[in-house]
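The data block below is entry_36.cif; it holds mmCIF, C-alpha atoms.
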```
data_start
loop_
_atom_site.label_atom_id
_atom_site.label_comp_id
_atom_site.auth_asym_id
_atom_site.auth_seq_id
_atom_site.Cartn_x
_atom_site.Cartn_y
_atom_site.Cartn_z
CA SER A 118 28.00 97.84 70.50
CA GLY A 119 30.27 94.83 70.72
CA PHE A 120 33.98 94.35 70.21
CA GLY A 121 36.25 94.30 67.19
CA ALA A 122 38.28 91.11 66.77
CA LEU A 123 41.88 90.82 65.58
CA TYR A 124 42.83 87.33 64.41
CA LEU A 125 46.51 86.37 64.02
CA ASP A 126 47.97 83.16 62.62
CA PHE A 127 50.37 81.27 64.86
CA ASP A 128 53.24 81.32 62.34
CA LEU A 129 54.03 85.02 62.63
CA VAL A 130 55.94 87.35 64.90
CA LEU A 131 55.03 90.86 66.02
CA LEU A 132 57.84 93.35 65.52
CA GLN A 133 55.66 96.32 66.49
CA ASP A 134 52.27 96.89 68.11
CA PRO A 135 49.89 96.24 65.17
CA ARG A 136 46.90 98.06 66.65
CA PRO A 137 47.60 101.61 65.39
CA ALA A 138 48.04 100.48 61.76
CA VAL A 139 45.08 98.11 61.89
CA LEU A 140 42.73 100.66 63.45
CA ARG A 141 43.76 103.32 60.91
CA ALA A 142 42.89 100.91 58.10
CA ALA A 143 39.57 100.10 59.80
CA GLN A 144 38.41 103.71 59.78
CA GLU A 145 36.98 103.18 56.28
CA ALA A 146 36.28 99.43 56.39
CA GLU A 147 34.65 96.74 58.50
CA LEU A 148 36.95 93.96 57.29
CA VAL A 149 40.73 94.45 57.20
CA LEU A 150 43.03 91.80 55.71
CA SER A 151 46.62 91.05 54.91
CA LYS A 152 47.58 89.85 51.43
CA ASP A 153 50.47 88.51 49.41
CA PHE A 154 53.33 90.81 48.42
CA GLY A 155 52.99 90.37 44.68
CA SER A 156 49.71 88.59 43.97
CA GLU A 157 46.01 89.31 44.36
CA CYS A 158 45.61 86.48 46.88
CA ILE A 159 44.31 87.41 50.30
CA ASN A 160 46.08 86.03 53.34
CA ILE A 161 43.95 85.75 56.46
CA GLY A 162 47.01 85.48 58.71
CA VAL A 163 46.16 88.98 59.92
CA THR A 164 42.42 89.72 59.91
CA TYR A 165 40.48 92.41 61.72
CA LEU A 166 36.67 92.41 61.97
CA LYS A 167 35.16 95.65 63.19
CA SER A 168 32.11 95.42 65.42
CA HIS A 169 29.45 96.19 62.81
CA PRO A 170 26.22 94.51 61.60
CA ASP A 171 27.71 93.88 58.13
CA SER A 172 30.84 92.15 59.41
CA ALA A 173 28.83 90.14 61.97
CA ASP A 174 26.37 88.96 59.30
CA TRP A 175 29.18 88.09 56.90
CA MET A 176 31.13 86.11 59.51
CA GLN A 177 27.99 84.23 60.51
CA ARG A 178 27.40 83.23 56.90
CA LEU A 179 31.03 82.13 56.60
CA LEU A 180 30.85 79.93 59.71
CA ILE A 181 27.56 78.36 58.61
CA TRP A 182 28.91 77.68 55.13
CA MET A 183 32.09 76.08 56.50
CA TRP A 184 30.02 73.92 58.86
CA HIS A 185 28.18 72.47 55.88
CA HIS A 186 31.30 72.32 53.65
CA PRO A 187 34.10 71.11 55.95
CA TYR A 188 36.28 69.96 53.05
CA GLU A 189 37.14 73.51 51.93
CA PHE A 190 40.38 75.18 53.02
CA CYS A 191 39.43 77.95 55.48
CA GLN A 192 41.35 80.70 53.67
CA LYS A 193 39.81 79.72 50.36
CA ALA A 194 36.34 79.72 51.97
CA PHE A 195 37.06 83.17 53.39
CA ALA A 196 38.07 84.46 49.97
CA GLY A 197 35.17 82.65 48.33
CA LEU A 198 32.54 84.42 50.42
CA MET A 199 34.20 87.71 49.50
CA GLY A 200 33.86 86.74 45.84
CA PHE A 201 37.64 86.53 45.51
CA GLU A 202 38.10 82.86 44.69
CA ASP A 203 36.14 79.91 43.36
CA LEU A 204 34.76 77.46 45.88
CA SER A 205 34.61 73.70 45.42
CA ARG A 206 31.40 72.18 44.04
CA TYR A 207 30.01 75.56 43.04
CA GLU A 208 28.07 73.88 40.24
CA VAL A 209 26.24 71.74 42.82
CA PHE A 210 25.66 74.12 45.73
CA GLY A 211 25.54 77.48 43.96
CA SER A 212 27.19 80.73 44.99
CA PRO A 213 27.31 81.61 48.70
CA VAL A 214 28.39 85.20 47.99
CA GLY A 215 26.02 87.72 49.56
CA ARG A 216 26.52 91.16 51.01
CA VAL A 217 30.24 91.77 51.53
CA PRO A 218 31.26 94.31 54.20
CA ARG A 219 33.49 97.19 53.25
CA TRP A 220 37.02 95.86 53.21
CA THR A 221 40.58 96.95 52.71
CA PHE A 222 44.09 95.50 52.68
CA LEU A 223 46.86 96.18 55.14
CA ASP A 224 50.15 97.29 53.62
CA PRO A 225 51.71 94.08 52.19
CA LEU A 226 54.96 95.71 51.08
CA ASN A 227 56.67 96.91 54.26
CA GLN A 228 54.30 96.57 57.23
CA PHE A 229 52.32 93.30 57.20
CA VAL A 230 54.70 91.12 55.24
CA THR A 231 55.67 87.52 54.61
CA SER A 232 58.75 85.41 54.19
CA THR A 233 59.71 84.05 50.78
CA VAL A 234 58.95 80.34 50.63
CA TYR A 235 57.70 79.39 47.17
CA SER A 236 57.83 82.52 45.02
CA ARG A 237 60.01 85.61 44.89
CA GLU A 238 57.35 87.28 42.74
CA ALA A 239 54.41 86.66 45.10
CA GLN A 240 56.06 86.60 48.54
CA GLY A 241 58.52 88.65 50.56
CA TRP A 242 58.69 92.35 51.40
CA THR A 243 60.46 95.58 50.51
CA GLY A 244 61.50 98.73 52.34
CA ASP A 245 63.15 99.03 55.75
CA MET A 246 63.22 96.47 58.55
CA GLU A 247 62.14 99.25 60.93
CA GLY A 248 58.86 99.48 59.02
CA ILE A 249 57.81 95.86 59.53
CA VAL A 250 54.88 95.51 61.93
CA ILE A 251 54.09 91.78 61.56
CA TYR A 252 56.30 89.21 59.87
CA HIS A 253 54.31 86.18 58.71
CA PHE A 254 56.82 83.40 58.13
CA LEU A 255 54.36 81.06 56.38
CA ASP A 256 54.86 77.78 58.19
CA GLY A 257 51.41 76.25 58.44
CA ILE A 258 52.41 72.59 58.12
CA GLY A 259 55.92 72.25 59.52
CA GLY A 260 57.46 71.45 56.15
CA VAL A 261 57.68 72.43 52.49
CA ASP A 262 57.59 70.83 49.07
CA GLU A 263 61.34 70.79 48.51
CA ASN A 264 60.86 70.60 44.75
CA GLN A 265 58.96 73.90 44.79
CA ALA A 266 60.52 75.84 47.68
CA VAL A 267 62.91 78.64 46.70
CA GLN A 268 65.58 77.37 49.13
CA GLY A 269 64.93 73.74 48.20
CA LYS A 270 64.52 72.73 51.84
CA TYR A 271 62.48 73.33 54.99
CA VAL A 272 63.70 76.18 57.21
CA ASN A 273 62.30 75.98 60.75
CA LEU A 274 61.52 79.60 61.59
CA TYR A 275 59.59 78.64 64.72
CA ASP A 276 62.97 77.79 66.23
CA LEU A 277 64.52 81.01 64.97
CA PHE A 278 61.85 83.24 66.48
CA TYR A 279 60.38 81.27 69.38
CA ASP A 280 63.03 78.79 70.57
CA ASN A 281 66.05 81.03 70.27
CA PRO A 282 68.16 81.63 73.41
CA ALA A 283 69.66 84.73 71.79
CA LEU A 284 66.29 86.50 71.90
CA ASN A 285 64.44 88.27 74.66
CA LEU A 286 60.97 88.69 73.18
CA SER A 287 59.89 90.87 76.11
CA ASP A 288 62.61 93.43 75.33
CA THR A 289 60.79 95.80 73.01
CA SER A 290 63.60 98.37 73.14
CA ARG A 291 65.92 96.21 70.97
CA PRO A 292 64.64 94.92 67.61
CA LEU A 293 64.92 91.19 67.14
CA TRP A 294 67.34 91.59 64.24
CA VAL A 295 69.67 93.52 66.57
CA GLN A 296 69.43 90.81 69.23
CA ASP A 297 70.35 88.05 66.76
CA PRO A 298 72.15 88.67 63.43
CA LEU A 299 70.62 85.45 62.07
CA ILE A 300 67.21 87.14 62.12
CA GLN A 301 68.59 90.09 60.20
CA GLN A 302 70.11 87.66 57.70
CA HIS A 303 66.79 85.88 57.27
CA LEU A 304 64.75 89.06 56.88
CA LEU A 305 67.14 90.44 54.28
CA TRP A 306 67.03 87.16 52.36
CA SER A 307 63.26 87.60 51.91
CA ARG A 308 63.59 91.30 51.03
CA GLN A 309 62.80 92.31 47.45
CA PRO A 310 64.50 95.25 45.67
CA GLY A 311 61.23 97.11 45.20
CA PRO A 312 57.45 96.82 44.88
CA PRO A 313 56.05 94.40 42.29
CA THR A 314 55.51 95.92 38.85
CA GLU A 315 52.25 93.96 38.52
CA GLU A 316 50.21 91.63 40.70
CA LEU A 317 49.94 87.97 39.80
CA VAL A 318 46.44 86.55 39.40
CA CYS A 319 45.40 84.48 42.40
CA ALA A 320 45.19 81.09 40.73
CA PHE A 321 47.04 77.79 40.74
CA VAL A 322 46.63 77.28 36.99
CA GLU A 323 46.76 79.51 33.94
CA GLN A 324 43.53 81.30 33.10
CA ALA A 325 43.50 79.70 29.65
CA ALA A 326 43.15 76.31 31.34
CA TRP A 327 40.14 77.32 33.44
CA PRO A 328 36.96 75.38 32.60
CA GLY A 329 33.94 77.10 31.12
CA TRP A 330 31.96 76.97 34.36
CA LYS A 331 34.51 79.21 36.05
CA TRP A 332 33.91 81.96 33.50
CA LYS A 333 30.19 81.66 34.21
CA GLN A 334 30.78 81.76 37.97
CA ARG A 335 32.90 84.89 37.81
CA GLN A 336 30.29 86.71 35.75
CA GLU A 337 27.51 85.67 38.14
CA VAL A 338 29.49 86.97 41.09
CA LEU A 339 30.06 90.29 39.34
CA ARG A 340 26.37 90.65 38.57
CA SER A 341 25.43 89.86 42.18
CA LEU A 342 27.84 92.48 43.52
CA GLY A 343 26.58 95.18 41.18
CA PRO A 344 28.33 98.31 39.84
CA ALA A 345 29.31 99.51 43.33
CA ALA A 346 31.62 96.52 43.87
CA GLU A 347 35.04 97.27 45.31
CA PRO A 348 37.12 98.27 42.22
CA SER A 349 40.00 95.94 43.01
CA LEU A 350 37.57 93.04 43.45
CA ARG A 351 35.89 93.81 40.12
CA ARG A 352 39.30 93.95 38.46
CA LEU A 353 40.19 90.59 40.02
CA LEU A 354 37.00 88.95 38.79
CA THR A 355 37.19 90.30 35.24
CA PHE A 356 39.28 88.53 32.65
CA SER A 357 39.09 87.59 28.98
CA LYS A 358 37.55 84.25 28.19
#
```
Written as structure tokens, how would this file's structure read?
Amino acid sequence: SGFGALYLDFDLVLLQDPRPAVLRAAQEAELVLSKDFGSECINIGVTYLKSHPDSADWMQRLLIWMWHHPYEFCQKAFAGLMGFEDLSRYEVFGSPVGRVPRWTFLDPLNQFVTSTVYSREAQGWTGDMEGIVIYHFLDGIGGVDENQAVQGKYVNLYDLFYDNPALNLSDTSRPLWVQDPLIQQHLLWSRQPGPPTEELVCAFVEQAAWPGWKWKQRQEVLRSLGPAAEPSLRRLLTFSK
């Protein structure tokens, strides 16, 4: 009993009804997530939690942990309780990773995609515009680090999508890129020529620079998850010291 919950970030636009694709993905999983185009980083901008005891227990543990650790970035906390990323002060508080519900990713290449802000390797999309279901334009703070951004400046996509007199968002018969050529221009600017040849590791620093405790943490997480761990998660957590 109960209801499934679909969470969407504010800085995205729906180009199609996402429910069919999300519910197909949820047939074999209780937790459905979006991710980066070319890295192993999760992106909770699109998250579906199926009504299931495992997902309810996991979300309860996440909320309790975040209540007691309010300094952690919510997406990092989300990934941390999945065993994906390292959480702050692990050496003090220990690992919060417990039972993880079955999970899967939504298609990050052509359906649930992002704009290109900081990295052409990790962000963007490929394929046809007609295939895009949700476009996440990655504007969580209303600005960018101009020294790191690919365009070298802030591009206000809220105005392009949500304060644009050329658009009629209620007209689902005409795609937004047909209604305004500037949207087509923007989408094509973030388009990549093809899928990534390899996924970047989800980390802000090189693995060789990671401290010794991180190696210990990763191995402890692997042991706690056991041999039945999701293969992609095990691959993510395994690296050479």
Rows by chain and residue number, range 236-293 of chain A within 12 Å of range 314-320 of chain A, shortest pair, only C-alpha atoms, as CSV:
```
residue,atom,partner,partner_atom,distance
A:Ser236,CA,A:Leu317,CA,10.9
A:Arg237,CA,A:Leu317,CA,11.5
A:Glu238,CA,A:Leu317,CA,8.0
A:Ala239,CA,A:Leu317,CA,7.1
A:Gln240,CA,A:Leu317,CA,10.8
```
Exercise. Run the PyMOL selection byres ((chain A and resi 171) around 10) on the file and write out the hits as a list in words.
Key: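 Applying the expression gives Glu147, Leu148, Leu166, Lys167, Ser168, His169, Pro170, Ser172, Ala173, Asp174, Trp175, Met176, Gln177, Arg216, Val217, Pro218 and Arg219 of chain A.
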Practice problem: Take CA of Asp224 in chain A and CA of Ala283 in chain A and report the distance between them in Å, one decimal. | Solution: 29.5 Å
Practice problem: Would you write out, as a list in words, every residue that the PyMOL selection byres ((chain A and resi 228) around 7) captures in this file? | Solution: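 Taken over the shown coordinates, the PyMOL selection byres ((chain A and resi 228) around 7) returns Asp224, Pro225, Leu226, Asn227, Phe229, Val230, Gly248, Ile249, Val250 and Ile251 of chain A.
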Counting all atoms listed in the file, which residues of range 255-309 of chain A fall within 9 Å of range 131-143 of chain A, and what is the closest atom pair for each with its distance in Å at one decimal, ordered by chain and rising number, as CSV?
```
residue,atom,partner,partner_atom,distance
A:Thr289,CA,A:Gln133,CA,8.3
A:Pro292,CA,A:Leu132,CA,7.3
A:Leu293,CA,A:Leu132,CA,7.6
```
Mind checking which residues fall within 7 Å of range 304-309 of chain A, counting only C-alpha atoms, ignoring those fewer than 5 positions away in the same chain, and posting them as a PDB file with C-alpha atoms, in the frame of the given file?
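around.pdb written:
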```pdb
ATOM      1  CA  SER A 232      58.750  85.410  54.190  1.00  0.00           C
ATOM      2  CA  THR A 233      59.710  84.050  50.780  1.00  0.00           C
ATOM      3  CA  GLY A 241      58.520  88.650  50.560  1.00  0.00           C
ATOM      4  CA  TRP A 242      58.690  92.350  51.400  1.00  0.00           C
ATOM      5  CA  THR A 243      60.460  95.580  50.510  1.00  0.00           C
TER       6      THR A 243
END
```
For range 177-197 of chain A, which lacks atoms in the input, supply N, CA and C atoms and format the output as a PDB file, in the frame of the given file.
```pdb
ATOM      1  N   GLN A 177      28.953  85.288  60.215  1.00  0.00           N
ATOM      2  CA  GLN A 177      27.990  84.230  60.510  1.00  0.00           C
ATOM      3  C   GLN A 177      27.741  83.359  59.292  1.00  0.00           C
ATOM      4  N   ARG A 178      27.605  83.999  58.122  1.00  0.00           N
ATOM      5  CA  ARG A 178      27.400  83.230  56.900  1.00  0.00           C
ATOM      6  C   ARG A 178      28.622  82.369  56.572  1.00  0.00           C
ATOM      7  N   LEU A 179      29.817  82.906  56.830  1.00  0.00           N
ATOM      8  CA  LEU A 179      31.030  82.130  56.600  1.00  0.00           C
ATOM      9  C   LEU A 179      31.077  80.900  57.497  1.00  0.00           C
ATOM     10  N   LEU A 180      30.795  81.050  58.776  1.00  0.00           N
ATOM     11  CA  LEU A 180      30.850  79.930  59.710  1.00  0.00           C
ATOM     12  C   LEU A 180      29.799  78.874  59.364  1.00  0.00           C
ATOM     13  N   ILE A 181      28.609  79.313  58.987  1.00  0.00           N
ATOM     14  CA  ILE A 181      27.560  78.360  58.610  1.00  0.00           C
ATOM     15  C   ILE A 181      27.965  77.602  57.357  1.00  0.00           C
ATOM     16  N   TRP A 182      28.506  78.333  56.376  1.00  0.00           N
ATOM     17  CA  TRP A 182      28.910  77.680  55.130  1.00  0.00           C
ATOM     18  C   TRP A 182      30.013  76.655  55.390  1.00  0.00           C
ATOM     19  N   MET A 183      30.993  77.012  56.215  1.00  0.00           N
ATOM     20  CA  MET A 183      32.090  76.080  56.500  1.00  0.00           C
ATOM     21  C   MET A 183      31.609  74.878  57.308  1.00  0.00           C
ATOM     22  N   TRP A 184      30.583  75.061  58.126  1.00  0.00           N
ATOM     23  CA  TRP A 184      30.020  73.920  58.860  1.00  0.00           C
ATOM     24  C   TRP A 184      29.455  72.892  57.893  1.00  0.00           C
ATOM     25  N   HIS A 185      28.803  73.368  56.853  1.00  0.00           N
ATOM     26  CA  HIS A 185      28.180  72.470  55.880  1.00  0.00           C
ATOM     27  C   HIS A 185      29.140  72.022  54.788  1.00  0.00           C
ATOM     28  N   HIS A 186      30.311  72.668  54.675  1.00  0.00           N
ATOM     29  CA  HIS A 186      31.300  72.320  53.650  1.00  0.00           C
ATOM     30  C   HIS A 186      32.671  72.195  54.312  1.00  0.00           C
ATOM     31  N   PRO A 187      32.861  71.204  55.166  1.00  0.00           N
ATOM     32  CA  PRO A 187      34.100  71.110  55.950  1.00  0.00           C
ATOM     33  C   PRO A 187      35.321  70.743  55.130  1.00  0.00           C
ATOM     34  N   TYR A 188      35.153  70.379  53.876  1.00  0.00           N
ATOM     35  CA  TYR A 188      36.280  69.960  53.050  1.00  0.00           C
ATOM     36  C   TYR A 188      37.039  71.150  52.475  1.00  0.00           C
ATOM     37  N   GLU A 189      36.495  72.355  52.553  1.00  0.00           N
ATOM     38  CA  GLU A 189      37.140  73.510  51.930  1.00  0.00           C
ATOM     39  C   GLU A 189      38.192  74.113  52.844  1.00  0.00           C
ATOM     40  N   PHE A 190      39.318  74.499  52.275  1.00  0.00           N
ATOM     41  CA  PHE A 190      40.380  75.180  53.020  1.00  0.00           C
ATOM     42  C   PHE A 190      39.831  76.505  53.542  1.00  0.00           C
ATOM     43  N   CYS A 191      40.082  76.796  54.830  1.00  0.00           N
ATOM     44  CA  CYS A 191      39.430  77.950  55.480  1.00  0.00           C
ATOM     45  C   CYS A 191      39.750  79.259  54.773  1.00  0.00           C
ATOM     46  N   GLN A 192      41.005  79.450  54.342  1.00  0.00           N
ATOM     47  CA  GLN A 192      41.350  80.700  53.670  1.00  0.00           C
ATOM     48  C   GLN A 192      40.649  80.820  52.325  1.00  0.00           C
ATOM     49  N   LYS A 193      40.512  79.711  51.641  1.00  0.00           N
ATOM     50  CA  LYS A 193      39.810  79.720  50.360  1.00  0.00           C
ATOM     51  C   LYS A 193      38.317  79.992  50.578  1.00  0.00           C
ATOM     52  N   ALA A 194      37.741  79.430  51.660  1.00  0.00           N
ATOM     53  CA  ALA A 194      36.340  79.720  51.970  1.00  0.00           C
ATOM     54  C   ALA A 194      36.158  81.195  52.298  1.00  0.00           C
ATOM     55  N   PHE A 195      37.093  81.742  53.044  1.00  0.00           N
ATOM     56  CA  PHE A 195      37.060  83.170  53.390  1.00  0.00           C
ATOM     57  C   PHE A 195      37.054  84.009  52.119  1.00  0.00           C
ATOM     58  N   ALA A 196      37.998  83.710  51.222  1.00  0.00           N
ATOM     59  CA  ALA A 196      38.070  84.460  49.970  1.00  0.00           C
ATOM     60  C   ALA A 196      36.859  84.206  49.092  1.00  0.00           C
ATOM     61  N   GLY A 197      36.329  82.979  49.145  1.00  0.00           N
ATOM     62  CA  GLY A 197      35.170  82.650  48.330  1.00  0.00           C
ATOM     63  C   GLY A 197      33.944  83.453  48.698  1.00  0.00           C
TER      64      GLY A 197
END
```
